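For reference, protein31.txt is printed below; it contains compact mmCIF, N, CA and C atoms.
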# COMPACT_ATOMS: atom_id res chain seq x y z
N MET J 82 62.28 39.22 -150.04
CA MET J 82 60.89 38.84 -150.18
C MET J 82 60.41 39.23 -151.58
N PHE J 83 59.66 38.35 -152.18
CA PHE J 83 59.15 38.58 -153.53
C PHE J 83 57.90 39.44 -153.45
N ILE J 84 57.90 40.55 -154.16
CA ILE J 84 56.73 41.41 -154.23
C ILE J 84 56.19 41.32 -155.65
N ARG J 85 54.97 40.87 -155.78
CA ARG J 85 54.35 40.73 -157.10
C ARG J 85 53.81 42.09 -157.54
N VAL J 86 54.21 42.48 -158.73
CA VAL J 86 53.70 43.73 -159.29
C VAL J 86 52.68 43.39 -160.37
N PRO J 87 51.75 44.27 -160.63
CA PRO J 87 50.75 43.98 -161.66
C PRO J 87 51.39 43.82 -163.03
N GLU J 88 50.81 42.95 -163.84
CA GLU J 88 51.29 42.73 -165.20
C GLU J 88 50.85 43.91 -166.07
N ALA J 89 51.76 44.41 -166.88
CA ALA J 89 51.41 45.43 -167.86
C ALA J 89 50.70 44.76 -169.04
N HIS J 90 49.81 45.49 -169.69
CA HIS J 90 49.10 44.93 -170.84
C HIS J 90 50.08 44.52 -171.94
N THR J 91 51.11 45.33 -172.18
CA THR J 91 52.10 45.01 -173.21
C THR J 91 52.80 43.70 -172.90
N ARG J 92 53.18 43.49 -171.65
CA ARG J 92 53.84 42.25 -171.26
C ARG J 92 52.92 41.06 -171.49
N SER J 93 51.64 41.20 -171.15
CA SER J 93 50.69 40.11 -171.37
C SER J 93 50.55 39.79 -172.86
N ILE J 94 50.56 40.81 -173.70
CA ILE J 94 50.47 40.59 -175.14
C ILE J 94 51.70 39.86 -175.66
N VAL J 95 52.89 40.30 -175.25
CA VAL J 95 54.14 39.65 -175.69
C VAL J 95 54.18 38.20 -175.23
N LYS J 96 53.77 37.94 -173.98
CA LYS J 96 53.73 36.58 -173.48
C LYS J 96 52.75 35.73 -174.28
N ALA J 97 51.60 36.31 -174.60
CA ALA J 97 50.59 35.57 -175.36
C ALA J 97 51.11 35.22 -176.75
N VAL J 98 51.76 36.16 -177.41
CA VAL J 98 52.28 35.90 -178.76
C VAL J 98 53.40 34.86 -178.73
N SER J 99 54.32 34.99 -177.79
CA SER J 99 55.42 34.03 -177.73
C SER J 99 54.91 32.62 -177.42
N TRP J 100 53.93 32.53 -176.54
CA TRP J 100 53.37 31.22 -176.23
C TRP J 100 52.64 30.66 -177.44
N ARG J 101 51.97 31.51 -178.20
CA ARG J 101 51.24 31.03 -179.37
C ARG J 101 52.18 30.53 -180.45
N VAL J 102 53.36 31.10 -180.57
CA VAL J 102 54.32 30.58 -181.54
C VAL J 102 54.64 29.12 -181.20
N VAL J 103 54.93 28.87 -179.95
CA VAL J 103 55.21 27.50 -179.50
C VAL J 103 53.98 26.62 -179.69
N GLY J 104 52.83 27.10 -179.26
CA GLY J 104 51.61 26.32 -179.38
C GLY J 104 51.20 26.04 -180.82
N SER J 105 51.42 27.01 -181.69
CA SER J 105 51.06 26.83 -183.10
C SER J 105 51.98 25.83 -183.79
N LEU J 106 53.25 25.83 -183.42
CA LEU J 106 54.15 24.81 -183.96
C LEU J 106 53.69 23.41 -183.54
N ASP J 107 53.27 23.29 -182.30
CA ASP J 107 52.76 22.02 -181.80
C ASP J 107 51.50 21.62 -182.56
N THR J 108 50.57 22.55 -182.74
CA THR J 108 49.33 22.27 -183.47
C THR J 108 49.62 21.89 -184.91
N PHE J 109 50.57 22.60 -185.53
CA PHE J 109 50.94 22.30 -186.91
C PHE J 109 51.46 20.86 -187.03
N LEU J 110 52.39 20.50 -186.14
CA LEU J 110 52.96 19.15 -186.20
C LEU J 110 51.92 18.06 -185.97
N ILE J 111 51.05 18.27 -184.99
CA ILE J 111 50.01 17.28 -184.71
C ILE J 111 49.04 17.19 -185.88
N SER J 112 48.64 18.35 -186.42
CA SER J 112 47.71 18.35 -187.56
C SER J 112 48.33 17.66 -188.76
N TRP J 113 49.59 17.87 -188.98
CA TRP J 113 50.27 17.25 -190.12
C TRP J 113 50.36 15.74 -189.94
N LEU J 114 50.68 15.32 -188.71
CA LEU J 114 50.76 13.88 -188.43
C LEU J 114 49.39 13.20 -188.57
N VAL J 115 48.33 13.87 -188.15
CA VAL J 115 47.00 13.27 -188.19
C VAL J 115 46.43 13.27 -189.61
N THR J 116 46.56 14.41 -190.32
CA THR J 116 45.92 14.52 -191.64
C THR J 116 46.83 14.09 -192.79
N HIS J 117 48.11 14.13 -192.59
CA HIS J 117 49.10 13.87 -193.65
C HIS J 117 48.95 14.85 -194.81
N LYS J 118 48.35 16.02 -194.53
CA LYS J 118 48.14 17.04 -195.55
C LYS J 118 48.74 18.35 -195.05
N LEU J 119 49.74 18.83 -195.75
CA LEU J 119 50.43 20.06 -195.36
C LEU J 119 49.48 21.26 -195.39
N VAL J 120 48.61 21.33 -196.38
CA VAL J 120 47.67 22.45 -196.51
C VAL J 120 46.73 22.51 -195.31
N PHE J 121 46.21 21.37 -194.88
CA PHE J 121 45.32 21.33 -193.72
C PHE J 121 46.07 21.75 -192.46
N ALA J 122 47.27 21.24 -192.30
CA ALA J 122 48.06 21.55 -191.10
C ALA J 122 48.35 23.04 -191.02
N VAL J 123 48.72 23.65 -192.14
CA VAL J 123 49.01 25.09 -192.15
C VAL J 123 47.75 25.89 -191.84
N SER J 124 46.63 25.56 -192.48
CA SER J 124 45.41 26.34 -192.25
C SER J 124 44.88 26.18 -190.82
N ILE J 125 44.95 24.99 -190.27
CA ILE J 125 44.52 24.79 -188.88
C ILE J 125 45.39 25.61 -187.93
N SER J 126 46.69 25.52 -188.07
CA SER J 126 47.58 26.25 -187.15
C SER J 126 47.48 27.76 -187.36
N PHE J 127 47.20 28.22 -188.58
CA PHE J 127 47.05 29.65 -188.85
C PHE J 127 45.84 30.22 -188.10
N PHE J 128 44.69 29.57 -188.23
CA PHE J 128 43.48 30.10 -187.61
C PHE J 128 43.50 29.98 -186.09
N GLU J 129 44.02 28.89 -185.58
CA GLU J 129 44.04 28.74 -184.13
C GLU J 129 45.01 29.70 -183.47
N THR J 130 46.00 30.17 -184.20
CA THR J 130 46.95 31.13 -183.64
C THR J 130 46.24 32.38 -183.17
N PHE J 131 45.40 32.95 -184.01
CA PHE J 131 44.74 34.21 -183.66
C PHE J 131 43.66 34.05 -182.60
N THR J 132 42.91 32.97 -182.66
CA THR J 132 41.89 32.78 -181.64
C THR J 132 42.52 32.52 -180.27
N LYS J 133 43.60 31.77 -180.25
CA LYS J 133 44.20 31.45 -178.95
C LYS J 133 45.02 32.59 -178.37
N ILE J 134 45.52 33.50 -179.19
CA ILE J 134 46.17 34.71 -178.65
C ILE J 134 45.13 35.51 -177.87
N ALA J 135 43.97 35.70 -178.45
CA ALA J 135 42.92 36.46 -177.78
C ALA J 135 42.45 35.76 -176.50
N ILE J 136 42.29 34.45 -176.56
CA ILE J 136 41.85 33.70 -175.39
C ILE J 136 42.91 33.76 -174.28
N TYR J 137 44.18 33.59 -174.63
CA TYR J 137 45.25 33.62 -173.63
C TYR J 137 45.36 35.01 -173.00
N TYR J 138 45.26 36.06 -173.81
CA TYR J 138 45.32 37.42 -173.28
C TYR J 138 44.21 37.65 -172.26
N GLY J 139 43.00 37.25 -172.61
CA GLY J 139 41.89 37.39 -171.67
C GLY J 139 42.11 36.59 -170.41
N HIS J 140 42.65 35.39 -170.54
CA HIS J 140 42.96 34.54 -169.39
C HIS J 140 44.00 35.20 -168.48
N GLU J 141 45.06 35.75 -169.07
CA GLU J 141 46.09 36.45 -168.28
C GLU J 141 45.53 37.67 -167.56
N ARG J 142 44.72 38.46 -168.25
CA ARG J 142 44.16 39.67 -167.64
C ARG J 142 43.20 39.30 -166.51
N PHE J 143 42.44 38.21 -166.68
CA PHE J 143 41.55 37.75 -165.63
C PHE J 143 42.35 37.40 -164.38
N TRP J 144 43.43 36.62 -164.54
CA TRP J 144 44.22 36.21 -163.38
C TRP J 144 45.03 37.35 -162.80
N ALA J 145 45.35 38.37 -163.58
CA ALA J 145 46.01 39.56 -163.02
C ALA J 145 45.02 40.34 -162.16
N TRP J 146 43.73 40.24 -162.47
CA TRP J 146 42.69 40.96 -161.74
C TRP J 146 42.23 40.22 -160.49
N VAL J 147 42.21 38.90 -160.51
CA VAL J 147 41.70 38.09 -159.40
C VAL J 147 42.74 38.05 -158.28
N PRO J 148 42.32 38.38 -157.05
CA PRO J 148 43.28 38.39 -155.94
C PRO J 148 43.49 37.03 -155.27
N TRP J 149 42.83 35.97 -155.71
CA TRP J 149 42.94 34.66 -155.07
C TRP J 149 44.37 34.19 -155.01
N TRP J 150 44.75 33.63 -153.88
CA TRP J 150 46.05 32.99 -153.63
C TRP J 150 47.24 33.94 -153.75
N ARG J 151 47.00 35.20 -153.66
CA ARG J 151 48.10 36.17 -153.64
C ARG J 151 48.31 36.61 -152.21
N PRO J 152 49.56 36.67 -151.78
CA PRO J 152 49.79 37.17 -150.42
C PRO J 152 49.51 38.67 -150.38
N ARG J 153 49.00 39.09 -149.25
CA ARG J 153 48.78 40.54 -149.07
C ARG J 153 50.11 41.18 -148.74
N VAL J 154 50.44 42.20 -149.50
CA VAL J 154 51.68 42.92 -149.26
C VAL J 154 51.33 44.39 -149.12
N ASP J 155 51.63 44.93 -147.95
CA ASP J 155 51.41 46.36 -147.75
C ASP J 155 52.72 47.06 -148.02
N VAL J 156 52.75 47.82 -149.10
CA VAL J 156 53.97 48.52 -149.48
C VAL J 156 53.85 49.97 -149.04
N GLN J 157 54.78 50.38 -148.22
CA GLN J 157 54.82 51.76 -147.75
C GLN J 157 55.87 52.52 -148.54
N PRO J 158 55.57 53.76 -148.93
CA PRO J 158 56.60 54.53 -149.63
C PRO J 158 57.79 54.77 -148.71
N ALA J 159 58.96 54.71 -149.29
CA ALA J 159 60.17 54.92 -148.49
C ALA J 159 60.24 56.39 -148.06
N SER J 160 60.65 56.58 -146.82
CA SER J 160 60.78 57.97 -146.36
C SER J 160 62.20 58.44 -146.72
N VAL J 161 62.23 59.51 -147.46
CA VAL J 161 63.50 60.08 -147.90
C VAL J 161 63.69 61.40 -147.18
N PRO J 162 64.79 61.54 -146.47
CA PRO J 162 65.00 62.82 -145.76
C PRO J 162 65.17 63.96 -146.77
N ILE J 163 64.57 65.07 -146.46
CA ILE J 163 64.64 66.25 -147.32
C ILE J 163 65.87 67.04 -146.89
N ALA J 164 66.71 67.35 -147.88
CA ALA J 164 67.93 68.12 -147.58
C ALA J 164 67.54 69.52 -147.15
N GLN J 165 68.17 69.97 -146.08
CA GLN J 165 67.87 71.33 -145.59
C GLN J 165 68.97 72.26 -146.05
N SER J 166 68.57 73.45 -146.45
CA SER J 166 69.53 74.44 -146.94
C SER J 166 70.15 75.22 -145.81
Could you spell out this file's structure in structure tokens?
Amino acid sequence: MFIRVPEAHTRSIVKAVSWRVVGSLDTFLISWLVTHKLVFAVSISFFETFTKIAIYYGHERFWAWVPWWRPRVDVQPASVPIAQS
């Protein structure tokens, strides 16, 4: 059975940055195709990288906090027998 554990802040940041690399490449290519100007494409993708990292991080943290559509899992600590001397 799959037990969902809370996302760590560090993991959310790494996911946000890695996704932004992919997203920024996409934005760069689209901007370059539309404007035909390398300078515009670079500046557009540069600025959107930082704004979208922050937006994605906030989005991830919101969904880590919201309990909607998550199955309830009651986790009990395992009972470990204590060795007797």
Extract the full set of alpha helix (DSSP H) residues from chain J according to DSSP on the backbone, and format it as a PyMOL selection string. chain J and resi 90-116+119-146
Measuring atom to atom with only C-alpha atoms, identify which of J:Trp149, J:Arg92, J:Val98, J:Val120 is nearest to Ala135 of chain J.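 For Ala135 of chain J, the nearest of the candidates is J:Val98.
The spacing separating atom N of Phe109 of chain J from atom CA of Arg142 of chain J amounts to 25.5 Å.
Checking J:Ser99, J:Ser93, J:Thr132, J:Ser126 one by one against Ser112 of chain J, counting all atoms listed in the file, you find the shortest gap at J:Ser126.
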Any idea what the distance is between atom N of Ala145 of chain J and atom CA of Arg101 of chain J? 18.4 Å
Atomic distance atom CA of His117 of chain J - atom CA of Glu129 of chain J, expressed in Å with one decimal: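 Straight-line distance from atom CA of His117 of chain J to atom CA of Glu129 of chain J works out to 18.4 Å.
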Which centre and edge lengths in Å to one decimal define the box along x, y and z that fits every listed atom of segment 150-154 of chain J plus 8 Å per side, as AutoDock Vina command-line options?
--center_x 48.2 --center_y 38.7 --center_z -151.3 --size_x 22.9 --size_y 27.4 --size_z 21.1
With 12 Å as the cut-off and only C-alpha atoms counted, what is the closest atom pair between each nearby residue of segment 100-147 of chain J and segment 85-89 of chain J? Distances in Å to one decimal, ordered by chain and number, as a Markdown table.
| residue | atom | partner | partner_atom | distance |
| --- | --- | --- | --- | --- |
| J:Tyr138 | CA | J:Glu88 | CA | 11.4 |
| J:Glu141 | CA | J:Glu88 | CA | 8.7 |
| J:Arg142 | CA | J:Glu88 | CA | 8.1 |
| J:Phe143 | CA | J:Glu88 | CA | 10.9 |
| J:Trp144 | CA | J:Glu88 | CA | 9.8 |
| J:Ala145 | CA | J:Glu88 | CA | 6.5 |
| J:Trp146 | CA | J:Pro87 | CA | 8.6 |
| J:Val147 | CA | J:Pro87 | CA | 11.0 |
